>>> print(open('my_file-v4.cif').read())   # mmCIF, C-alpha atoms
data_model
loop_
_atom_site.group_PDB
_atom_site.id
_atom_site.type_symbol
_atom_site.label_atom_id
_atom_site.label_comp_id
_atom_site.auth_asym_id
_atom_site.auth_seq_id
_atom_site.Cartn_x
_atom_site.Cartn_y
_atom_site.Cartn_z
ATOM 1 C CA MET S 1 106.886 -86.990 11.682
ATOM 2 C CA SER S 2 108.301 -85.216 8.635
ATOM 3 C CA ILE S 3 110.778 -82.368 8.915
ATOM 4 C CA ASP S 4 108.188 -79.946 7.552
ATOM 5 C CA ALA S 5 105.694 -81.032 10.213
ATOM 6 C CA LYS S 6 108.325 -80.547 12.923
ATOM 7 C CA ARG S 7 109.078 -77.066 11.617
ATOM 8 C CA HIS S 8 105.410 -76.143 11.661
ATOM 9 C CA SER S 9 104.978 -77.497 15.188
ATOM 10 C CA ALA S 10 108.032 -75.581 16.409
ATOM 11 C CA ALA S 11 106.749 -72.386 14.776
ATOM 12 C CA ALA S 12 103.333 -72.796 16.422
ATOM 13 C CA ALA S 13 104.943 -73.386 19.820
ATOM 14 C CA PHE S 14 107.122 -70.314 19.359
ATOM 15 C CA VAL S 15 104.110 -68.145 18.511
ATOM 16 C CA GLY S 16 102.606 -69.309 21.791
ATOM 17 C CA LEU S 17 105.818 -68.335 23.589
ATOM 18 C CA LEU S 18 105.722 -64.860 22.031
ATOM 19 C CA ILE S 19 102.126 -64.385 23.139
ATOM 20 C CA LEU S 20 103.088 -65.503 26.637
ATOM 21 C CA SER S 21 105.961 -62.979 26.671
ATOM 22 C CA VAL S 22 103.541 -60.151 25.886
ATOM 23 C CA PHE S 23 101.233 -61.014 28.778
ATOM 24 C CA TRP S 24 103.883 -62.137 31.278
ATOM 25 C CA PRO S 25 103.648 -62.221 34.325
ATOM 26 C CA ALA S 26 99.827 -62.355 33.995
ATOM 27 C CA PRO S 27 99.727 -66.157 34.596
ATOM 28 C CA ILE S 28 101.505 -65.675 37.936
ATOM 29 C CA VAL S 29 99.252 -62.766 38.899
ATOM 30 C CA VAL S 30 96.069 -64.639 37.980
ATOM 31 C CA THR S 31 97.171 -67.793 39.795
ATOM 32 C CA ASN S 32 98.020 -65.784 42.885
ATOM 33 C CA ASP S 33 94.663 -63.976 42.801
ATOM 34 C CA VAL S 34 92.763 -67.257 42.503
ATOM 35 C CA CYS S 35 94.449 -69.439 45.081
ATOM 36 C CA CYS S 36 97.361 -67.906 46.978
ATOM 37 C CA HIS S 37 96.558 -64.254 47.738
ATOM 38 C CA ALA S 38 100.206 -63.631 48.592
ATOM 39 C CA ALA S 39 101.940 -60.268 48.423
ATOM 40 C CA VAL S 40 103.861 -60.235 45.143
ATOM 41 C CA PRO S 41 105.841 -57.373 43.572
ATOM 42 C CA VAL S 42 104.111 -57.757 40.167
ATOM 43 C CA ASP S 43 100.660 -56.868 38.845
ATOM 44 C CA ASP S 44 98.771 -56.539 35.561
ATOM 45 C CA LEU S 45 100.935 -53.588 34.508
ATOM 46 C CA SER S 46 104.230 -55.410 35.026
ATOM 47 C CA PHE S 47 106.002 -56.843 32.006
ATOM 48 C CA LEU S 48 108.829 -59.163 31.138
ATOM 49 C CA GLY S 49 112.321 -58.115 32.120
ATOM 50 C CA ARG S 50 111.515 -54.979 34.078
ATOM 51 C CA GLU S 51 109.946 -54.841 37.538
ATOM 52 C CA ALA S 52 110.724 -58.242 39.060
ATOM 53 C CA PRO S 53 113.375 -60.285 37.199
ATOM 54 C CA SER S 54 113.069 -63.119 39.717
ATOM 55 C CA TYR S 55 109.538 -63.771 38.420
ATOM 56 C CA ASP S 56 110.846 -63.934 34.863
ATOM 57 C CA VAL S 57 112.861 -67.058 35.664
ATOM 58 C CA VAL S 58 109.797 -69.225 35.035
ATOM 59 C CA PHE S 59 109.329 -67.704 31.588
ATOM 60 C CA TRP S 60 112.954 -68.254 30.642
ATOM 61 C CA CYS S 61 112.692 -71.847 31.844
ATOM 62 C CA ILE S 62 109.738 -72.315 29.488
ATOM 63 C CA ALA S 63 111.733 -70.725 26.651
ATOM 64 C CA GLY S 64 114.681 -73.005 27.474
ATOM 65 C CA LEU S 65 112.463 -76.077 27.410
ATOM 66 C CA LEU S 66 111.184 -75.090 23.968
ATOM 67 C CA ALA S 67 114.764 -74.682 22.722
ATOM 68 C CA ILE S 68 115.693 -78.101 24.118
ATOM 69 C CA ALA S 69 112.614 -79.682 22.518
ATOM 70 C CA ILE S 70 113.541 -78.182 19.146
ATOM 71 C CA LEU S 71 117.104 -79.456 19.419
ATOM 72 C CA GLN S 72 115.965 -82.909 20.569
ATOM 73 C CA THR S 73 113.503 -83.306 17.692
ATOM 74 C CA GLY S 74 115.879 -81.829 15.142
ATOM 75 C CA VAL S 75 118.022 -83.627 12.609
ATOM 76 C CA TRP S 76 121.224 -81.651 13.124
ATOM 77 C CA ASP S 77 124.195 -83.926 12.559
ATOM 78 C CA GLY S 78 127.048 -81.584 13.326
ATOM 79 C CA GLY S 79 127.033 -80.140 9.826
ATOM 80 C CA ARG S 80 128.109 -83.291 7.965
ATOM 81 C CA THR S 81 125.155 -83.079 5.536
ATOM 82 C CA TYR S 82 124.280 -79.416 5.970
ATOM 83 C CA SER S 83 125.832 -76.342 4.433
ATOM 84 C CA PRO S 84 124.715 -72.996 5.823
ATOM 85 C CA PRO S 85 123.551 -70.277 3.423
ATOM 86 C CA THR S 86 126.160 -68.121 1.796
ATOM 87 C CA LEU S 87 126.432 -65.217 4.193
ATOM 88 C CA PHE S 88 127.743 -62.567 1.857
ATOM 89 C CA ARG S 89 127.142 -61.950 -1.797
ATOM 90 C CA PRO S 90 128.963 -59.385 -3.950
ATOM 91 C CA VAL S 91 129.039 -55.866 -2.565
ATOM 92 C CA ARG S 92 127.140 -54.603 -5.588
ATOM 93 C CA GLU S 93 124.036 -56.404 -4.258
ATOM 94 C CA TRP S 94 124.361 -54.562 -0.943
ATOM 95 C CA ALA S 95 124.180 -51.280 -2.846
ATOM 96 C CA ASP S 96 121.312 -52.417 -5.053
ATOM 97 C CA HIS S 97 119.629 -49.529 -6.887
ATOM 98 C CA LYS S 98 116.263 -50.515 -5.420
ATOM 99 C CA SER S 99 117.457 -49.855 -1.872
ATOM 100 C CA ALA S 100 118.755 -46.442 -2.927
ATOM 101 C CA LEU S 101 115.446 -45.734 -4.634
ATOM 102 C CA LEU S 102 113.656 -46.615 -1.401
ATOM 103 C CA LEU S 103 115.549 -43.880 0.448
ATOM 104 C CA VAL S 104 115.228 -41.330 -2.362
ATOM 105 C CA LEU S 105 111.459 -41.711 -2.518
ATOM 106 C CA GLY S 106 110.949 -42.228 1.199
ATOM 107 C CA ALA S 107 112.830 -39.200 2.534
ATOM 108 C CA PRO S 108 110.545 -36.583 0.887
ATOM 109 C CA CYS S 109 107.495 -38.486 2.144
ATOM 110 C CA VAL S 110 108.829 -38.309 5.704
ATOM 111 C CA ALA S 111 109.465 -34.579 5.286
ATOM 112 C CA LEU S 112 105.898 -34.004 4.074
ATOM 113 C CA ILE S 113 104.487 -36.003 6.986
ATOM 114 C CA TRP S 114 106.652 -33.982 9.410
ATOM 115 C CA ARG S 115 105.403 -30.722 7.921
ATOM 116 C CA PHE S 116 101.700 -31.425 7.442
ATOM 117 C CA LEU S 117 100.551 -34.515 9.381
ATOM 118 C CA ASP S 118 102.395 -34.657 12.704
ATOM 119 C CA GLU S 119 100.234 -32.272 14.679
ATOM 120 C CA PRO S 120 96.844 -33.431 13.252
ATOM 121 C CA ALA S 121 97.788 -37.088 13.795
ATOM 122 C CA THR S 122 98.849 -36.441 17.393
ATOM 123 C CA ALA S 123 95.619 -34.519 18.021
ATOM 124 C CA LEU S 124 93.674 -37.450 16.584
ATOM 125 C CA ALA S 125 95.588 -39.850 18.837
ATOM 126 C CA GLU S 126 94.600 -37.729 21.819
ATOM 127 C CA SER S 127 90.930 -37.793 20.796
ATOM 128 C CA VAL S 128 90.732 -41.602 20.631
ATOM 129 C CA GLN S 129 92.283 -42.328 24.025
ATOM 130 C CA SER S 130 90.344 -44.885 26.061
ATOM 131 C CA GLU S 131 90.932 -47.854 28.348
ATOM 132 C CA PHE S 132 90.943 -50.103 25.278
ATOM 133 C CA THR S 133 93.580 -48.066 23.437
ATOM 134 C CA GLU S 134 95.710 -47.871 26.584
ATOM 135 C CA ALA S 135 95.646 -51.669 26.913
ATOM 136 C CA LEU S 136 96.383 -52.079 23.194
ATOM 137 C CA ILE S 137 99.316 -49.680 23.426
ATOM 138 C CA ARG S 138 100.704 -51.496 26.450
ATOM 139 C CA TYR S 139 100.684 -54.918 24.803
ATOM 140 C CA LEU S 140 101.974 -53.741 21.441
ATOM 141 C CA ASN S 141 104.835 -51.898 23.135
ATOM 142 C CA ARG S 142 105.729 -55.102 24.940
ATOM 143 C CA PHE S 143 105.598 -57.050 21.687
ATOM 144 C CA GLY S 144 107.858 -54.608 19.852
ATOM 145 C CA GLY S 145 110.407 -54.094 22.618
ATOM 146 C CA GLY S 146 112.228 -55.891 25.379
ATOM 147 C CA MET S 147 113.593 -59.335 24.558
ATOM 148 C CA ASN S 148 111.073 -60.204 21.830
ATOM 149 C CA PRO S 149 113.283 -59.193 18.858
ATOM 150 C CA ALA S 150 116.108 -61.313 20.277
ATOM 151 C CA LEU S 151 113.680 -64.203 20.820
ATOM 152 C CA VAL S 152 112.598 -64.078 17.174
ATOM 153 C CA VAL S 153 116.185 -64.112 15.917
ATOM 154 C CA ALA S 154 117.154 -66.919 18.304
ATOM 155 C CA PHE S 155 114.199 -69.049 17.205
ATOM 156 C CA PHE S 156 115.055 -68.872 13.500
ATOM 157 C CA LEU S 157 118.713 -69.648 14.192
ATOM 158 C CA ILE S 158 118.089 -72.550 16.596
ATOM 159 C CA ALA S 159 115.210 -74.092 14.650
ATOM 160 C CA GLY S 160 116.961 -73.477 11.345
ATOM 161 C CA PHE S 161 120.065 -75.391 12.411
ATOM 162 C CA ALA S 162 118.056 -78.093 14.216
ATOM 163 C CA TYR S 163 115.818 -78.792 11.213
ATOM 164 C CA GLN S 164 118.499 -78.015 8.600
ATOM 165 C CA SER S 165 116.502 -75.158 7.092
ATOM 166 C CA ARG S 166 118.939 -72.930 5.272
ATOM 167 C CA ARG S 167 116.151 -70.399 4.722
ATOM 168 C CA TRP S 168 115.356 -70.089 8.446
ATOM 169 C CA VAL S 169 119.045 -69.700 9.305
ATOM 170 C CA ALA S 170 119.297 -67.006 6.651
ATOM 171 C CA TYR S 171 116.237 -65.274 8.133
ATOM 172 C CA GLY S 172 117.856 -65.270 11.570
ATOM 173 C CA VAL S 173 121.187 -63.922 10.346
ATOM 174 C CA ALA S 174 119.519 -61.293 8.141
ATOM 175 C CA MET S 175 117.298 -60.181 11.025
ATOM 176 C CA ALA S 176 120.235 -59.889 13.418
ATOM 177 C CA LEU S 177 122.324 -57.869 10.955
ATOM 178 C CA SER S 178 119.466 -55.661 9.765
ATOM 179 C CA GLY S 179 118.480 -54.977 13.373
ATOM 180 C CA ALA S 180 122.066 -54.029 14.209
ATOM 181 C CA LEU S 181 122.429 -51.756 11.166
ATOM 182 C CA ALA S 182 119.064 -50.093 11.790
ATOM 183 C CA GLY S 183 119.910 -49.597 15.463
ATOM 184 C CA ILE S 184 123.182 -47.859 14.592
ATOM 185 C CA LEU S 185 121.436 -45.605 12.075
ATOM 186 C CA VAL S 186 118.755 -44.743 14.637
ATOM 187 C CA GLN S 187 121.279 -43.622 17.232
ATOM 188 C CA ILE S 188 123.137 -41.476 14.703
ATOM 189 C CA VAL S 189 119.937 -39.783 13.527
ATOM 190 C CA LYS S 190 118.618 -39.339 17.075
ATOM 191 C CA TYR S 191 121.802 -37.561 18.111
ATOM 192 C CA ALA S 192 121.833 -35.394 14.994
ATOM 193 C CA VAL S 193 118.172 -34.332 15.133
ATOM 194 C CA GLY S 194 117.474 -34.209 18.888
ATOM 195 C CA ARG S 195 113.726 -33.868 18.423
ATOM 196 C CA SER S 196 111.556 -33.868 21.538
ATOM 197 C CA ARG S 197 108.804 -36.382 22.103
ATOM 198 C CA PRO S 198 105.139 -35.354 21.744
ATOM 199 C CA GLU S 199 104.528 -36.176 25.413
ATOM 200 C CA LEU S 200 106.983 -33.451 26.468
ATOM 201 C CA TRP S 201 104.924 -30.795 24.661
ATOM 202 C CA PHE S 202 108.006 -28.693 23.861
ATOM 203 C CA GLY S 203 106.987 -28.482 20.216
ATOM 204 C CA ALA S 204 107.927 -30.481 17.167
ATOM 205 C CA PHE S 205 111.158 -28.622 16.468
ATOM 206 C CA HIS S 206 112.621 -28.178 19.937
ATOM 207 C CA HIS S 207 116.143 -29.570 20.343
ATOM 208 C CA ALA S 208 115.928 -31.843 23.385
ATOM 209 C CA ARG S 209 118.553 -33.851 25.207
ATOM 210 C CA THR S 210 119.518 -37.161 23.614
ATOM 211 C CA SER S 211 117.678 -39.253 26.200
ATOM 212 C CA ALA S 212 114.414 -37.572 25.174
ATOM 213 C CA SER S 213 115.032 -37.743 21.422
ATOM 214 C CA SER S 214 111.990 -38.731 19.436
ATOM 215 C CA PHE S 215 113.213 -38.986 15.845
ATOM 216 C CA PRO S 216 113.215 -41.814 14.853
ATOM 217 C CA SER S 217 111.474 -44.565 16.885
ATOM 218 C CA GLY S 218 113.682 -47.411 18.082
ATOM 219 C CA HIS S 219 110.720 -49.756 18.665
ATOM 220 C CA THR S 220 109.431 -49.184 15.127
ATOM 221 C CA VAL S 221 112.849 -49.505 13.507
ATOM 222 C CA GLY S 222 113.412 -52.849 15.226
ATOM 223 C CA ALA S 223 109.959 -54.099 14.262
ATOM 224 C CA PHE S 224 110.403 -53.228 10.583
ATOM 225 C CA ALA S 225 114.010 -54.454 10.459
ATOM 226 C CA LEU S 226 112.885 -57.920 11.553
ATOM 227 C CA ALA S 227 109.470 -58.011 9.915
ATOM 228 C CA GLY S 228 110.958 -56.617 6.711
ATOM 229 C CA VAL S 229 113.073 -59.730 6.242
ATOM 230 C CA LEU S 230 109.985 -61.933 6.316
ATOM 231 C CA PHE S 231 107.927 -59.485 4.269
ATOM 232 C CA LEU S 232 110.567 -59.348 1.540
ATOM 233 C CA ALA S 233 111.693 -62.975 1.524
ATOM 234 C CA SER S 234 109.060 -65.334 2.924
ATOM 235 C CA PRO S 235 107.267 -67.463 0.316
ATOM 236 C CA SER S 236 104.173 -67.475 2.562
ATOM 237 C CA ARG S 237 101.652 -64.698 1.928
ATOM 238 C CA THR S 238 100.252 -65.210 5.405
ATOM 239 C CA MET S 239 103.697 -64.760 6.941
ATOM 240 C CA ARG S 240 104.366 -61.634 4.890
ATOM 241 C CA ALA S 241 101.002 -60.078 5.740
ATOM 242 C CA THR S 242 101.330 -60.940 9.437
ATOM 243 C CA ALA S 243 104.830 -59.469 9.634
ATOM 244 C CA PHE S 244 103.725 -56.226 7.971
ATOM 245 C CA VAL S 245 100.590 -55.833 10.102
ATOM 246 C CA LEU S 246 102.435 -56.463 13.377
ATOM 247 C CA ALA S 247 105.255 -54.043 12.530
ATOM 248 C CA THR S 248 102.728 -51.393 11.513
ATOM 249 C CA ALA S 249 100.787 -51.962 14.730
ATOM 250 C CA VAL S 250 103.936 -51.431 16.794
ATOM 251 C CA GLY S 251 104.542 -48.125 15.015
ATOM 252 C CA LEU S 252 100.920 -47.063 15.489
ATOM 253 C CA SER S 253 101.135 -47.826 19.210
ATOM 254 C CA ARG S 254 104.084 -45.435 19.551
ATOM 255 C CA ILE S 255 101.961 -42.635 18.082
ATOM 256 C CA LEU S 256 98.976 -43.448 20.295
ATOM 257 C CA ALA S 257 101.268 -43.501 23.349
ATOM 258 C CA PHE S 258 102.548 -39.976 22.489
ATOM 259 C CA ARG S 259 106.074 -41.331 22.464
ATOM 260 C CA HIS S 260 106.647 -40.432 18.818
ATOM 261 C CA TRP S 261 105.363 -38.201 16.068
ATOM 262 C CA THR S 262 103.939 -39.768 12.925
ATOM 263 C CA SER S 263 106.985 -38.714 10.894
ATOM 264 C CA ASP S 264 109.213 -40.448 13.493
ATOM 265 C CA VAL S 265 107.388 -43.692 12.819
ATOM 266 C CA ALA S 266 107.436 -43.200 9.040
ATOM 267 C CA ALA S 267 111.192 -42.568 9.090
ATOM 268 C CA SER S 268 111.675 -45.594 11.322
ATOM 269 C CA ALA S 269 109.716 -47.843 8.967
ATOM 270 C CA LEU S 270 111.880 -46.533 6.112
ATOM 271 C CA ILE S 271 115.157 -47.176 7.954
ATOM 272 C CA GLY S 272 114.106 -50.627 9.165
ATOM 273 C CA THR S 273 112.866 -51.676 5.730
ATOM 274 C CA PHE S 274 116.049 -50.366 4.097
ATOM 275 C CA ALA S 275 118.229 -52.412 6.470
ATOM 276 C CA ALA S 276 116.044 -55.484 5.932
ATOM 277 C CA PHE S 277 116.250 -55.032 2.162
ATOM 278 C CA VAL S 278 120.040 -54.808 2.187
ATOM 279 C CA PHE S 279 120.576 -57.992 4.173
ATOM 280 C CA THR S 280 117.722 -59.897 2.566
ATOM 281 C CA ARG S 281 119.350 -59.269 -0.791
ATOM 282 C CA ALA S 282 122.705 -60.333 0.617
ATOM 283 C CA LEU S 283 121.580 -63.457 2.460
ATOM 284 C CA VAL S 284 118.156 -64.758 1.473
ATOM 285 C CA THR S 285 117.434 -63.853 -2.148
ATOM 286 C CA GLY S 286 117.733 -66.898 -4.373
ATOM 287 C CA LEU S 287 117.660 -69.310 -1.437
ATOM 288 C CA THR S 288 114.823 -71.671 -2.328
ATOM 289 C CA THR S 289 115.724 -75.070 -0.909
ATOM 290 C CA ASP S 290 116.780 -76.622 2.386
ATOM 291 C CA SER S 291 119.383 -79.302 2.872
ATOM 292 C CA ALA S 292 117.343 -81.572 5.104
ATOM 293 C CA PRO S 293 115.964 -84.697 3.472
ATOM 294 C CA ARG S 294 112.205 -85.085 3.410
ATOM 295 C CA SER S 295 110.850 -87.883 5.587
#
>>> encode(input="my_file-v4.cif", output="structure tokens")
Amino acid sequence: MSIDAKRHSAAAAFVGLLILSVFWPAPIVVTNDVCCHAAVPVDDLSFLGREAPSYDVVFWCIAGLLAIAILQTGVWDGGRTYSPPTLFRPVREWADHKSALLLVLGAPCVALIWRFLDEPATALAESVQSEFTEALIRYLNRFGGGMNPALVVAFFLIAGFAYQSRRWVAYGVAMALSGALAGILVQIVKYAVGRSRPELWFGAFHHARTSASSFPSGHTVGAFALAGVLFLASPSRTMRATAFVLATAVGLSRILAFRHWTSDVAASALIGTFAAFVFTRALVTGLTTDSAPRS
């Protein structure tokens, strides 16, 4: 099997693992309902890494087996024929004028959304509530939070080194750094603004405690920080479109769940995309080939 075929197979298996993480521990619950009927501390509303960590062991075993399979089928030779991507380019590329332009144009848009669209959008979200939207919100929140961002980064790093894909390694490093930068910016802005969440009904401009701070959305920032790397750098149109749609869906779910105002999500998309742009320029731009020989 060629290296490209192995990469594609590993990517498909990882997508399956991500889907499983969103629905976990549903397989255990369904199996128990069908054959065992035992008293278990999890149900359909439980999700990975929260209510019953002991039941997550099976999932992490599956994830570990996938990692082992990737390493076993890889062509990593200890780095003798592989050079990782250049991690840092000149500082002038970090401060690229396009990234500054993104903030200059984006900030007024966020302000306009805050002023004119927050309340109507939240009212609209309230009017479309249903069992379907509640289920959609639940699964999208799981996809955009928890351990999934770390899983995505780990996959690109492990598979990139195993299959000697400099581009995948660069994706993983850029995602990790952009996620870290965006997370730091989020905490600074949250503390400075102290905006209450829509679900608290204190009003859009009430200064709430930090733990209840709504502006911006951490879930959305993380989604756009990671998806932004693929959207900006992936040569695959399908990959770019999928990354954008999933990140947008995570942001939309935060509005529908009344956890964030629309301007929170818009600002978060701006911050996440800015961080992704900075590190994509620094790590991925110009990287067109991998070191692994074709077979």
>>> atom_distance(input="my_file-v4.cif", atom1="CA of Ala135 (chain S)", atom2="CA of Cys61 (chain S)")
26.9 Å
>>> resolve_selection(input="my_file-v4.cif", expression="the PyMOL selection byres ((chain S and resi 14-27) around 10)", output="PyMOL selection string")
chain S and resi 8-13+28-33+42-49+52+55-56+58-60+62-63+66-67+138-149+151-152+155-156
>>> resolve_selection(input="my_file-v4.cif", expression="the PyMOL selection byres ((chain S and resi 189) around 12)", output="NGL selection string")
:S and (182-188 or 190-195 or 210 or 213-218 or 264 or 267-268 or 271)
>>> residues_around(input="my_file-v4.cif", residues="Arg259 (chain S)", least_positions_apart="4", cutoff="8 Å", atoms="all atoms listed in the file", output="VMD selection string")
chain S and resid 197 to 199 214 254 to 255
>>> resolve_selection(input="my_file-v4.cif", expression="the PyMOL selection byres ((chain S and resi 169) around 8)", output="PyMOL selection string")
chain S and resi 84-85+156-161+165-168+170-173
>>> atom_distance(input="my_file-v4.cif", atom1="CA of Ser263 (chain S)", atom2="CA of Leu117 (chain S)")
7.8 Å
>>> atom_distance(input="my_file-v4.cif", atom1="CA of Ala269 (chain S)", atom2="CA of Glu134 (chain S)")
22.5 Å
>>> closest_residue(input="my_file-v4.cif", among="S:Ser196, S:Leu252, S:Val57, S:Phe277", to="Phe231 (chain S)", atoms="only C-alpha atoms")
S:Phe277
>>> axis_aligned_box(input="my_file-v4.cif", around="region 257-263 of chain S", padding_each_side="4 Å", output="AutoDock Vina command-line options")
--center_x 104.1 --center_y -40.9 --center_z 17.1 --size_x 13.7 --size_y 13.3 --size_z 20.5
>>> closest_residue(input="my_file-v4.cif", among="S:Ala121, S:Met175, S:Ala223, S:Leu71", to="Arg7 (chain S)", atoms="all atoms listed in the file")
S:Leu71
>>> closest_residue(input="my_file-v4.cif", among="S:Phe279, S:Tyr163, S:Phe274, S:Trp261", to="Thr122 (chain S)", atoms="all atoms listed in the file")
S:Trp261
